[in-house]
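Engineer: I am sharing run-v7.txt, which consists of compact mmCIF, C-alpha atoms and all ligand atoms:
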# COMPACT_ATOMS: atom_id res chain seq x y z
CA MET A 273 19.87 19.38 -55.05
CA SER A 274 19.08 21.49 -52.05
CA THR A 275 20.81 20.77 -48.76
CA PRO A 276 18.71 20.97 -45.62
CA SER A 277 19.31 24.17 -43.70
CA PHE A 278 19.60 22.23 -40.40
CA PRO A 279 21.17 18.87 -39.63
CA GLN A 280 18.72 16.01 -39.53
CA GLN A 281 17.53 15.36 -36.00
CA ARG A 282 19.09 12.20 -34.64
CA LEU A 283 17.15 11.32 -31.50
CA ARG A 284 18.31 7.74 -31.91
CA ARG A 285 21.91 8.73 -31.17
CA LEU A 286 21.26 8.56 -27.40
CA ARG A 287 19.61 5.15 -27.75
CA SER A 288 22.40 3.48 -29.64
CA SER A 289 24.00 1.50 -26.80
CA GLY A 290 23.16 0.24 -23.35
CA LEU A 291 25.86 2.45 -21.86
CA ILE A 292 24.57 5.64 -23.40
CA ARG A 293 20.96 4.76 -22.51
CA ASP A 294 22.00 4.22 -18.90
CA ALA A 295 23.91 7.48 -18.93
CA VAL A 296 20.94 9.57 -20.01
CA ALA A 297 18.18 7.71 -18.13
CA ASP A 298 16.73 10.04 -15.51
CA VAL A 299 14.06 7.81 -13.97
CA THR A 300 15.68 5.35 -11.61
CA LEU A 301 14.53 2.80 -9.05
CA ASP A 302 16.21 2.63 -5.69
CA PRO A 303 15.43 -0.26 -3.32
CA ALA A 304 15.51 2.27 -0.48
CA ASP A 305 12.28 3.79 -1.83
CA LEU A 306 10.35 0.52 -1.98
CA ILE A 307 7.93 -0.64 0.69
CA TYR A 308 7.21 -4.39 0.89
CA PRO A 309 3.77 -5.43 2.17
CA LEU A 310 3.74 -8.52 4.42
CA PHE A 311 0.86 -10.63 5.72
CA VAL A 312 1.53 -11.97 9.20
CA SER A 313 -0.51 -14.64 10.93
CA ASN A 314 -0.75 -16.88 13.97
CA ALA A 315 -0.40 -20.01 11.87
CA ARG A 316 2.51 -22.36 12.46
CA ARG A 317 3.44 -22.52 8.81
CA ALA A 318 3.59 -20.14 5.89
CA ARG A 319 0.50 -20.35 3.71
CA PRO A 320 0.92 -19.34 0.07
CA VAL A 321 -1.64 -16.92 -1.37
CA ASN A 322 -3.01 -18.59 -4.47
CA SER A 323 -3.65 -15.46 -6.50
CA MET A 324 -0.35 -13.77 -5.58
CA PRO A 325 2.59 -15.93 -6.70
CA GLY A 326 5.52 -15.73 -4.28
CA ILE A 327 3.44 -14.13 -1.51
CA SER A 328 2.51 -16.05 1.65
CA GLN A 329 0.82 -15.44 4.94
CA LEU A 330 3.76 -15.71 7.30
CA PRO A 331 4.06 -16.81 10.91
CA VAL A 332 5.54 -13.97 12.96
CA ALA A 333 8.95 -15.62 13.39
CA GLN A 334 9.28 -16.14 9.63
CA ALA A 335 8.27 -12.54 8.94
CA VAL A 336 10.99 -11.33 11.29
CA GLN A 337 13.51 -13.57 9.53
CA LEU A 338 12.44 -12.29 6.13
CA ILE A 339 12.75 -8.67 7.27
CA ARG A 340 16.23 -9.38 8.60
CA ALA A 341 17.32 -11.02 5.35
CA GLN A 342 15.82 -8.35 3.08
CA ALA A 343 17.31 -5.51 5.12
CA LYS A 344 20.76 -6.91 4.37
CA ARG A 345 19.92 -6.69 0.67
CA GLY A 346 18.89 -3.05 0.84
CA LEU A 347 15.12 -3.33 1.31
CA LYS A 348 14.41 -1.33 4.45
CA GLN A 349 10.69 -0.57 4.51
CA PHE A 350 7.87 -2.97 5.34
CA LEU A 351 4.10 -2.57 5.59
CA LEU A 352 2.39 -5.06 7.88
CA PHE A 353 -1.08 -6.56 7.47
CA GLY A 354 -2.60 -9.03 9.91
CA VAL A 355 -4.41 -12.27 9.24
CA THR A 356 -6.95 -12.94 11.98
CA PRO A 357 -8.35 -16.37 12.88
CA ALA A 358 -12.18 -16.44 12.76
CA SER A 359 -12.27 -17.05 16.52
CA ASN A 360 -10.56 -13.68 17.11
CA LYS A 361 -12.86 -11.67 14.86
CA ASP A 362 -15.75 -9.66 16.29
CA ALA A 363 -18.12 -6.84 15.30
CA THR A 364 -15.66 -4.08 16.21
CA GLY A 365 -12.37 -5.73 15.21
CA SER A 366 -11.04 -5.44 18.74
CA TYR A 367 -8.16 -7.84 18.06
CA ALA A 368 -6.45 -5.10 15.99
CA ALA A 369 -5.57 -3.25 19.20
CA ASP A 370 -4.42 -6.38 21.06
CA PRO A 371 -0.67 -6.40 21.75
CA ASP A 372 -0.78 -10.15 20.94
CA CYS A 373 -2.17 -9.85 17.42
CA PRO A 374 0.32 -10.88 14.72
CA VAL A 375 1.01 -7.34 13.50
CA ASN A 376 1.80 -6.04 16.98
CA ARG A 377 3.91 -9.09 17.81
CA THR A 378 5.89 -8.67 14.59
CA LEU A 379 6.47 -4.99 15.34
CA ALA A 380 7.64 -5.79 18.86
CA GLN A 381 9.94 -8.60 17.77
CA VAL A 382 11.60 -6.61 14.99
CA ARG A 383 12.18 -3.76 17.46
CA HIS A 384 13.49 -6.19 20.06
CA ALA A 385 15.92 -7.57 17.48
CA GLY A 386 17.09 -4.01 16.76
CA LEU A 387 16.80 -4.38 12.98
CA PRO A 388 17.51 -1.14 11.09
CA VAL A 389 14.23 -1.01 9.17
CA LEU A 390 11.25 1.30 8.87
CA LEU A 391 8.02 -0.38 9.93
CA TYR A 392 4.59 0.72 8.69
CA ALA A 393 1.43 -0.75 10.21
CA ASP A 394 -1.68 -0.84 8.05
CA LEU A 395 -4.40 0.62 10.24
CA CYS A 396 -7.81 -0.75 9.37
CA LEU A 397 -10.41 -3.09 10.81
CA CYS A 398 -11.49 -5.18 7.82
CA GLU A 399 -9.03 -7.94 8.62
CA TYR A 400 -10.35 -8.03 12.19
CA THR A 401 -14.14 -7.63 11.94
CA ASP A 402 -16.46 -10.62 11.53
CA HIS A 403 -18.43 -8.78 8.81
CA GLY A 404 -15.27 -7.73 6.94
CA HIS A 405 -16.03 -4.01 6.74
CA CYS A 406 -13.46 -1.36 7.67
CA GLY A 407 -15.42 0.02 10.64
CA VAL A 408 -18.50 -0.23 12.79
CA VAL A 409 -21.52 -1.47 10.86
CA PRO A 410 -25.01 -0.35 11.96
CA ASP A 411 -27.33 -2.92 13.51
CA ARG A 412 -29.29 -3.82 10.44
CA PRO A 413 -27.15 -3.28 7.33
CA ALA A 414 -28.52 -3.62 3.83
CA PRO A 415 -27.72 -7.16 2.61
CA THR A 416 -26.33 -5.86 -0.69
CA GLY A 417 -24.94 -2.58 -1.93
CA THR A 418 -23.77 0.32 0.16
CA VAL A 419 -23.00 -0.30 3.81
CA ASN A 420 -23.07 2.89 5.80
CA VAL A 421 -20.25 2.31 8.23
CA ASP A 422 -20.56 4.51 11.34
CA ASN A 423 -17.82 7.06 10.73
CA ASP A 424 -17.35 8.57 14.17
CA ALA A 425 -17.70 5.36 16.17
CA THR A 426 -15.01 3.92 13.90
CA LEU A 427 -12.63 6.83 14.56
CA GLU A 428 -12.50 5.94 18.24
CA LEU A 429 -11.47 2.39 17.39
CA TYR A 430 -8.82 3.56 14.90
CA ALA A 431 -7.36 5.79 17.62
CA GLN A 432 -6.96 2.78 19.94
CA VAL A 433 -5.37 0.67 17.20
CA ALA A 434 -2.93 3.46 16.33
CA VAL A 435 -1.75 3.75 19.92
CA ALA A 436 -1.35 -0.03 20.22
CA GLN A 437 0.68 -0.16 16.99
CA ALA A 438 2.88 2.75 18.06
CA ARG A 439 3.52 1.10 21.42
CA ALA A 440 4.38 -2.18 19.71
CA GLY A 441 7.00 -0.40 17.61
CA ALA A 442 5.49 1.04 14.42
CA ASP A 443 7.42 3.98 12.99
CA VAL A 444 4.51 4.88 10.75
CA VAL A 445 0.81 4.04 10.95
CA ALA A 446 -1.06 3.89 7.67
CA PRO A 447 -4.81 4.34 8.02
CA SER A 448 -6.56 2.74 5.03
CA GLY A 449 -10.22 2.74 6.07
CA MET A 450 -11.30 6.00 4.38
CA MET A 451 -13.30 7.36 7.31
CA ASP A 452 -13.61 11.15 7.34
CA GLY A 453 -11.41 12.70 10.00
CA GLN A 454 -9.31 9.56 10.55
CA VAL A 455 -5.94 11.28 10.27
CA GLY A 456 -6.87 13.95 12.82
CA ALA A 457 -8.34 11.43 15.25
CA ILE A 458 -5.22 9.27 15.03
CA ARG A 459 -2.84 12.23 15.35
CA ARG A 460 -4.60 13.41 18.51
CA ALA A 461 -4.58 9.94 20.02
CA LEU A 462 -0.89 9.40 19.28
CA ASP A 463 0.05 12.77 20.75
CA GLN A 464 -2.03 12.18 23.86
CA ALA A 465 -0.42 8.78 24.31
CA GLY A 466 3.02 10.37 24.25
CA ARG A 467 3.83 9.24 20.71
CA PRO A 468 4.38 12.52 18.85
CA ASP A 469 7.12 10.94 16.74
CA THR A 470 4.97 8.23 15.23
CA ALA A 471 4.27 9.36 11.66
CA ILE A 472 1.12 8.95 9.59
CA LEU A 473 1.10 7.74 6.00
CA ALA A 474 -2.44 8.55 4.92
CA TYR A 475 -4.14 6.44 2.30
CA SER A 476 -5.50 9.79 1.16
CA VAL A 477 -6.75 8.82 -2.24
CA LYS A 478 -8.11 5.31 -2.17
CA TYR A 479 -10.64 4.24 -4.75
CA ALA A 480 -13.28 1.52 -4.43
CA SER A 481 -11.41 -0.79 -6.78
CA SER A 482 -11.74 -4.23 -8.29
CA PHE A 483 -7.95 -4.49 -8.11
CA TYR A 484 -8.03 -5.37 -4.40
CA GLY A 485 -9.45 -8.82 -5.19
CA PRO A 486 -6.37 -10.96 -4.44
CA PHE A 487 -5.63 -8.97 -1.28
CA ARG A 488 -8.90 -10.12 0.19
CA GLU A 489 -7.68 -13.69 -0.13
CA ALA A 490 -4.29 -12.76 1.33
CA GLY A 491 -5.65 -10.75 4.26
CA GLU A 492 -8.82 -12.81 4.69
CA GLY A 493 -10.70 -9.53 4.96
CA GLY A 494 -13.45 -9.98 2.39
CA MET A 495 -16.90 -8.55 3.15
CA GLN A 496 -19.67 -10.87 4.31
CA PHE A 497 -22.18 -8.54 2.63
CA GLY A 498 -22.31 -5.28 0.70
CA ASP A 499 -19.41 -3.35 -0.80
CA ARG A 500 -17.05 -0.56 0.23
CA LYS A 501 -18.44 2.14 -2.07
CA GLY A 502 -19.95 3.99 0.87
CA TYR A 503 -16.49 4.91 2.14
CA GLN A 504 -13.90 4.32 -0.60
CA MET A 505 -13.80 6.80 -3.50
CA ASP A 506 -15.73 6.65 -6.78
CA TYR A 507 -13.33 6.61 -9.72
CA ARG A 508 -15.80 8.52 -11.84
CA ARG A 509 -15.05 11.76 -9.97
CA ARG A 510 -12.07 13.48 -11.53
CA GLU A 511 -11.23 16.11 -8.92
CA GLU A 512 -12.48 14.76 -5.60
CA TRP A 513 -8.97 13.59 -4.69
CA ARG A 514 -8.02 17.22 -4.05
CA LEU A 515 -10.46 17.40 -1.16
CA GLU A 516 -9.22 14.15 0.39
CA LEU A 517 -5.64 15.35 0.08
CA GLN A 518 -6.38 18.75 1.61
CA ALA A 519 -8.29 17.21 4.50
CA ASP A 520 -5.50 14.73 5.32
CA LEU A 521 -2.75 17.34 5.20
CA ALA A 522 -4.78 19.72 7.34
CA GLN A 523 -5.26 16.94 9.90
CA GLY A 524 -1.56 16.17 10.12
CA ALA A 525 -0.70 13.54 7.51
CA ASP A 526 3.09 13.30 7.10
CA MET A 527 2.98 11.36 3.84
CA VAL A 528 0.16 10.69 1.42
CA MET A 529 -0.77 7.87 -0.93
CA VAL A 530 -2.58 7.10 -4.14
CA LYS A 531 -4.11 3.63 -4.43
CA PRO A 532 -4.34 1.70 -6.73
CA ALA A 533 -1.43 2.96 -8.80
CA VAL A 534 -1.46 2.16 -12.50
CA ALA A 535 -5.08 3.07 -13.18
CA TYR A 536 -4.60 6.41 -11.35
CA LEU A 537 -1.34 7.77 -12.75
CA ASP A 538 -3.08 11.03 -13.67
CA VAL A 539 -3.95 11.65 -10.04
CA LEU A 540 -0.49 10.66 -8.83
CA HIS A 541 1.19 13.03 -11.28
CA GLN A 542 -0.99 16.00 -10.39
CA MET A 543 -0.72 15.34 -6.68
CA LYS A 544 3.06 15.34 -6.72
CA GLN A 545 3.05 18.72 -8.44
CA LEU A 546 0.47 20.16 -6.10
CA VAL A 547 2.36 19.36 -2.89
CA PRO A 548 6.05 19.23 -3.87
CA GLY A 549 7.47 18.85 -0.36
CA VAL A 550 5.14 16.10 0.77
CA PRO A 551 6.32 12.51 0.19
CA VAL A 552 3.83 10.81 -2.12
CA ALA A 553 3.46 7.03 -2.16
CA ALA A 554 1.88 4.88 -4.84
CA TYR A 555 0.45 1.48 -3.94
CA HIS A 556 0.79 -1.07 -6.73
CA VAL A 557 -1.98 -3.27 -5.39
CA SER A 558 -2.60 -7.00 -5.31
CA GLY A 559 -4.71 -7.11 -8.48
CA GLU A 560 -2.13 -5.14 -10.43
CA PHE A 561 0.53 -7.60 -9.27
CA ALA A 562 -1.68 -10.61 -10.04
CA MET A 563 -2.45 -9.40 -13.57
CA LEU A 564 1.20 -9.27 -14.54
CA HIS A 565 1.83 -12.71 -13.05
CA ALA A 566 -1.19 -14.20 -14.79
CA ALA A 567 -0.13 -12.88 -18.18
CA ALA A 568 3.45 -14.00 -17.60
CA ARG A 569 2.26 -17.51 -16.69
CA LEU A 570 0.41 -17.70 -19.95
CA GLY A 571 3.62 -16.68 -21.70
CA TRP A 572 2.01 -13.46 -22.86
CA LEU A 573 4.57 -11.09 -21.40
CA ASP A 574 7.91 -11.10 -19.67
CA LEU A 575 7.43 -10.66 -15.92
CA LYS A 576 10.68 -8.88 -15.13
CA ALA A 577 10.41 -6.47 -18.04
CA ALA A 578 6.77 -5.69 -17.27
CA ALA A 579 7.40 -5.20 -13.54
CA LEU A 580 10.33 -2.85 -14.18
CA GLU A 581 8.40 -0.86 -16.77
CA THR A 582 5.37 -0.55 -14.51
CA THR A 583 7.37 0.50 -11.47
CA CYS A 584 9.32 3.06 -13.50
CA ALA A 585 6.00 4.48 -14.70
CA LEU A 586 4.98 5.10 -11.08
CA ARG A 587 8.26 6.82 -10.47
CA ARG A 588 7.98 8.93 -13.63
CA ALA A 589 4.47 9.99 -12.64
CA GLY A 590 5.85 11.29 -9.35
CA ALA A 591 5.91 8.56 -6.70
CA ASP A 592 8.58 9.09 -4.04
CA LEU A 593 7.72 5.82 -2.32
CA ILE A 594 6.38 2.72 -4.01
CA ILE A 595 4.50 0.01 -2.15
CA THR A 596 4.86 -3.14 -4.19
CA TYR A 597 4.73 -6.92 -3.87
CA PHE A 598 7.60 -6.96 -6.37
CA ALA A 599 9.89 -5.18 -3.87
CA PRO A 600 12.35 -8.06 -3.22
CA GLN A 601 12.64 -8.86 -6.92
CA LEU A 602 13.04 -5.21 -7.86
CA ALA A 603 15.72 -4.81 -5.20
CA GLU A 604 17.57 -7.71 -6.80
CA TRP A 605 17.10 -6.47 -10.37
CA CYS A 606 18.20 -2.94 -9.49
CA ALA A 607 21.21 -3.94 -7.38
C1 LIG B 1 -7.77 -2.57 3.94
C2 LIG B 1 -6.88 -2.61 2.77
C3 LIG B 1 -7.12 -3.15 1.49
C4 LIG B 1 -5.93 -3.03 0.78
C5 LIG B 1 -5.02 -2.41 1.62
N1 LIG B 1 -5.62 -2.15 2.82
C6 LIG B 1 -8.32 -3.82 0.95
C7 LIG B 1 -9.55 -3.06 0.77
O1 LIG B 1 -9.63 -1.86 1.02
O2 LIG B 1 -10.53 -3.69 0.38
C8 LIG B 1 -5.66 -3.52 -0.61
C9 LIG B 1 -4.21 -3.76 -0.94
C10 LIG B 1 -4.00 -4.59 -2.16
O3 LIG B 1 -4.94 -4.91 -2.92
O4 LIG B 1 -2.83 -4.93 -2.40
N2 LIG B 1 -8.65 -1.55 4.03
Please express what this file holds, its structure, as structure tokens.
Structural biologist:
Amino acid sequence: MSTPSFPQQRLRRLRSSGLIRDAVADVTLDPADLIYPLFVSNARRARPVNSMPGISQLPVAQAVQLIRAQAKRGLKQFLLFGVTPASNKDATGSYAADPDCPVNRTLAQVRHAGLPVLLYADLCLCEYTDHGHCGVVPDRPAPTGTVNVDNDATLELYAQVAVAQARAGADVVAPSGMMDGQVGAIRRALDQAGRPDTAILAYSVKYASSFYGPFREAGEGGMQFGDRKGYQMDYRRREEWRLELQADLAQGADMVMVKPAVAYLDVLHQMKQLVPGVPVAAYHVSGEFAMLHAAARLGWLDLKAAALETTCALRRAGADLIITYFAPQLAEWCA
């Protein structure tokens, strides 16, 4: 009998108990790195979003209460989206820059209450325009297919919204409309308005994705015609994200984002390695959240296990910050 010249590899040794697995685990989730998206509205009562279990459109006062309660439990970052009544929507989404819109009122009230939280304002027009597109639509748009939103006219509007959000109390504005030059236009406007400390989280790499479906119910920002493929990215291009990233950093983005998350882990991983000092966020979007809930409802997977595994994958791929509708549950599970 010959004896092996080396001891048999025992990779299972470090998996043999919960304690040892915890000791050697090097991918961890910290509630301080999670950003919780909230939908705020003018309604008197919370309105549950059918396709996003546990998520509701919240009246401003309730959103402020929720932020206060979550902050005590370690969740300190919130991303605000506004729900706009039809009577306040118009062709240019002017309500987005109104100090009285729900997002700006929430910002102001949280600041007034002095809560120790970081507030991000989503900066886009699709929740505010009557046609549901993210910018100014030309006079006679094609009824289906690509809508060629007017890039430069839209930049002027984004600049006004950014200044209004900064004045209301946003720490960070997060432009999500995918217009070329939006980060630069917003940076200039903020600086000119005396807001050099307001940061920009750029939705640098945002694909035209089917996974935004439930969000359009939550934010009531669905398109009346056409699609967003004329401005959001085509997932069939492997390297285009590098150009979007470069452009945003050159224009002054402080943090960058990949969206959606799970279907784009390759991009997230490469991006983190390409710009090591720049905080990279991953947005686990509404459809990704809804899929896990739907399967869990059918008894096909365990929600907690799947949410933890998914969120750890984003972390392992390189996300510094994770925007997720699971944030409160994750904060509880990781406490
Ligand atoms: C607005 C915006 C969208 C999302 C974030 N900001 C929708 C879209 O671009 O159609 C999606 C977020 C989610 O699905 O959770 N431009």
Engineer: Please find the residues contacting ligand LIG 1 (chain B) at a distance of at most 10 Å between atoms, with all atoms listed in the file counted, and report them as a ChimeraX atom specification.
Structural biologist: /A:309,324,351-353,394-399,404-407,446-450,475,478-495,499-500,503-504,531-532,555-562,595-597
Engineer: What lies within 6 Å of stretch 357-371 of chain A using all atoms listed in the file, ignoring chain neighbours under 4 positions off, as a PyMOL selection string?
Structural biologist: chain A and resi 376+397+400-402+408+433+436
Engineer: For A:Gly549, list every protein, DNA or RNA residue within 12 Å, evaluated using only C-alpha atoms, and leave out those in the same chain fewer than 6 positions away; present the list as a PDB file with C-alpha atoms, in the frame of the given file.
Structural biologist:
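Below is the file that was written, result_11.pdb:
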ATOM      1  CA  LEU A 521      -2.750  17.340   5.200  1.00  0.00           C
ATOM      2  CA  ASP A 526       3.090  13.300   7.100  1.00  0.00           C
ATOM      3  CA  MET A 527       2.980  11.360   3.840  1.00  0.00           C
ATOM      4  CA  VAL A 528       0.160  10.690   1.420  1.00  0.00           C
ATOM      5  CA  MET A 543      -0.720  15.340  -6.680  1.00  0.00           C
ATOM      6  CA  GLY A 590       5.850  11.290  -9.350  1.00  0.00           C
ATOM      7  CA  ASP A 592       8.580   9.090  -4.040  1.00  0.00           C
TER       8      ASP A 592
END
Engineer: Set out as a tab-separated table a contact list for stretch 436-476 of chain A and stretch 385-389 of chain A with a cut-off of 12 Å, giving each residue of stretch 436-476 of chain A that qualifies its closest atom pair and distance in Å to one decimal, counting all atoms listed in the file, ordered by chain and rising residue number.
Structural biologist:
residue	atom	partner	partner_atom	distance
A:Gly441	CA	A:Gly386	CA	10.8
A:Ala442	CA	A:Val389	CA	10.4
A:Asp443	CA	A:Val389	CA	9.3
A:Val444	CA	A:Val389	CA	11.5
Engineer: Could you pull the residues within 8 Å of A:Gly502, counting only C-alpha atoms, minus those fewer than 5 positions along the same chain, as a ChimeraX atom specification?
Structural biologist: /A:418-421
Engineer: Work out how far atom CA of A:Thr583 is from atom CA of A:Ala607, in Å to one decimal.
Structural biologist: 15.1 Å
Engineer: When you draw a straight line from atom CA of A:Ala533 to atom CA of A:Tyr308, how long is it in Å?
Structural biologist: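 The value is 14.9 Å.
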Engineer: How close does each residue of stretch 344-373 of chain A get to stretch 312-315 of chain A, giving the shortest atom pair and distance in Å to one decimal for every residue with an atom at most 7 Å away, counting only C-alpha atoms, sorted by chain and residue number, as a tab-separated table?
Structural biologist:
residue	atom	partner	partner_atom	distance
A:Phe353	CA	A:Val312	CA	6.3
A:Gly354	CA	A:Val312	CA	5.1
A:Val355	CA	A:Ser313	CA	4.9
A:Thr356	CA	A:Ser313	CA	6.7
Engineer: Report, in Å with one decimal, the straight-line distance from atom CA of A:Lys544 to atom CA of A:Ala589.
Structural biologist: 8.1 Å
